[in-house]
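The structure under discussion appears below in the form of structure tokens.
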Amino acid sequence: MSLVLNLLTGVFVITGASFSLLAAIGVLRFPDPISRLHAAAKAQTLGVLLVMVGVACQTPAKEAVVLVLVVVFQLITVPVLGQVLGRTAYRTNVVHRESLSPDELAERLAADEEAEAGAERDGGRPAS
């Protein structure tokens with residue numbers, strides 16, 4: 001059983017490390033921030049999760065709670081960070097907007113600007 005557990009641990013850790021390496025290469029090589037965010041968010045998160053599963057195979061159950069907290073923290077914070085960074089890159093015109101096939105944020109920002117302009121015309125009163 002120990003040989004199988006060691007082999008499984010090795011597979012998880014090596015696969016996770018490979019995903020993390022590919023994420024780092026993607027962050028360095030991809031041309032625009034949206035592509036870089038995709039590499040950083042998806043591949044890096046999967047890499048960290050696989051490494052944590054591999055490490056959890058070798059640790060006692062009461063110490064694996066810390067690893068579970070790391071996994072939960074990754075799953076909660078990475079999508080939020082990706083959303084914030086993506087919107088910041090979009091609003092600062094760093095993103096190649098022509099490469100975005102459905103540009104839903106442009107429509108939303110245009111509607112927000114229209115609402116703000118309407119509020120300024122009405123003397124700063126919010127629309128009812």
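To be explicit about the labels: the chains of the structure tokens are called A, B, and onward in the order shown, and within each one the residues are counted from 1, while ligands get numbers from 1 in the order they are shown.
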Tell me, as an mmCIF file with C-alpha atoms, in the first residue's frame, which residues lie within 12 Å of stretch 14-23 of chain A, counting only C-alpha atoms; anything in the same chain fewer than 3 positions away does not count.
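To be explicit, this is the file written out as around-v1.cif:
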```cif
data_model
loop_
_atom_site.group_PDB
_atom_site.id
_atom_site.type_symbol
_atom_site.label_atom_id
_atom_site.label_comp_id
_atom_site.auth_asym_id
_atom_site.auth_seq_id
_atom_site.Cartn_x
_atom_site.Cartn_y
_atom_site.Cartn_z
ATOM 1 C CA LEU A 7 3.503 6.493 -6.601
ATOM 2 C CA LEU A 8 0.187 8.356 -6.430
ATOM 3 C CA THR A 9 1.821 11.176 -4.487
ATOM 4 C CA GLY A 10 4.580 11.442 -7.063
ATOM 5 C CA VAL A 11 2.110 11.575 -9.940
ATOM 6 C CA GLY A 26 2.030 31.218 -20.302
ATOM 7 C CA VAL A 27 2.196 34.352 -18.171
ATOM 8 C CA LEU A 28 5.545 35.213 -19.743
ATOM 9 C CA ARG A 29 4.707 34.310 -23.341
ATOM 10 C CA PHE A 30 1.057 35.207 -23.940
ATOM 11 C CA SER A 35 -4.565 35.475 -22.040
ATOM 12 C CA ARG A 36 -2.092 35.862 -19.206
ATOM 13 C CA LEU A 37 -4.913 35.903 -16.672
ATOM 14 C CA HIS A 38 -6.282 32.704 -18.160
ATOM 15 C CA ALA A 39 -2.914 30.983 -17.755
ATOM 16 C CA ALA A 40 -2.411 32.337 -14.264
ATOM 17 C CA ALA A 41 -5.897 31.554 -13.010
ATOM 18 C CA LYS A 42 -6.668 28.193 -14.570
ATOM 19 C CA ALA A 43 -3.367 26.360 -14.880
ATOM 20 C CA GLN A 44 -1.796 27.719 -11.720
ATOM 21 C CA THR A 45 -4.847 26.896 -9.602
ATOM 22 C CA LEU A 46 -4.991 23.365 -10.978
ATOM 23 C CA GLY A 47 -1.258 22.992 -10.356
ATOM 24 C CA VAL A 48 -1.524 24.126 -6.746
ATOM 25 C CA LEU A 49 -4.527 21.877 -6.141
ATOM 26 C CA LEU A 50 -2.744 18.821 -7.547
ATOM 27 C CA VAL A 51 0.359 19.513 -5.455
ATOM 28 C CA MET A 52 -1.813 19.894 -2.360
ATOM 29 C CA VAL A 53 -3.571 16.583 -3.081
ATOM 30 C CA GLY A 54 -0.183 14.907 -3.465
ATOM 31 C CA VAL A 55 1.090 16.370 -0.221
#
```
Name all residues at most 7 Å from stretch 88-96 of chain A (count only C-alpha atoms; drop same-chain ones fewer than 2 positions away) and give them as a list of chain:residue names.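 Final neighbour list, sorted by chain and number: A:Asp32, A:Pro33, A:Ile34, A:Val84, A:Leu85, A:Gly86, A:Glu98, A:Ser99.
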Those same residues, written as a PDB file, in the first residue's frame with N, CA and C atoms?
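again-v5.pdb, freshly written:
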```pdb
ATOM      1  N   ASP A  32      -1.422  39.232 -24.439  1.00  0.00           N
ATOM      2  CA  ASP A  32      -2.241  40.264 -23.806  1.00  0.00           C
ATOM      3  C   ASP A  32      -2.644  39.839 -22.398  1.00  0.00           C
ATOM      4  N   PRO A  33      -3.103  40.790 -21.591  1.00  0.00           N
ATOM      5  CA  PRO A  33      -3.421  40.493 -20.194  1.00  0.00           C
ATOM      6  C   PRO A  33      -4.520  39.451 -20.002  1.00  0.00           C
ATOM      7  N   ILE A  34      -5.495  39.404 -20.891  1.00  0.00           N
ATOM      8  CA  ILE A  34      -6.572  38.429 -20.732  1.00  0.00           C
ATOM      9  C   ILE A  34      -6.035  37.011 -20.886  1.00  0.00           C
ATOM     10  N   VAL A  84     -11.033  41.142 -11.087  1.00  0.00           N
ATOM     11  CA  VAL A  84     -10.590  42.511 -10.812  1.00  0.00           C
ATOM     12  C   VAL A  84      -9.469  42.915 -11.764  1.00  0.00           C
ATOM     13  N   LEU A  85      -8.495  42.045 -11.965  1.00  0.00           N
ATOM     14  CA  LEU A  85      -7.395  42.367 -12.865  1.00  0.00           C
ATOM     15  C   LEU A  85      -7.868  42.499 -14.307  1.00  0.00           C
ATOM     16  N   GLY A  86      -8.793  41.639 -14.728  1.00  0.00           N
ATOM     17  CA  GLY A  86      -9.328  41.727 -16.080  1.00  0.00           C
ATOM     18  C   GLY A  86     -10.068  43.030 -16.325  1.00  0.00           C
ATOM     19  N   GLU A  98     -10.263  44.123 -29.952  1.00  0.00           N
ATOM     20  CA  GLU A  98     -10.710  43.454 -31.165  1.00  0.00           C
ATOM     21  C   GLU A  98     -10.561  41.932 -31.063  1.00  0.00           C
ATOM     22  N   SER A  99      -9.756  41.459 -30.126  1.00  0.00           N
ATOM     23  CA  SER A  99      -9.606  40.014 -29.944  1.00  0.00           C
ATOM     24  C   SER A  99     -10.713  39.411 -29.072  1.00  0.00           C
TER      25      SER A  99
END
```
Mind giving me the straight-line distance from atom CA of A:Gln83 to atom CA of A:Glu104 in Å, one decimal? 13.7 Å
Would you list, as a ChimeraX atom specification, the residues of chain A that end up in alpha helix (DSSP H) under DSSP run on this structure's backbone? /A:2-29,33-38,44-58,64-91,104-121
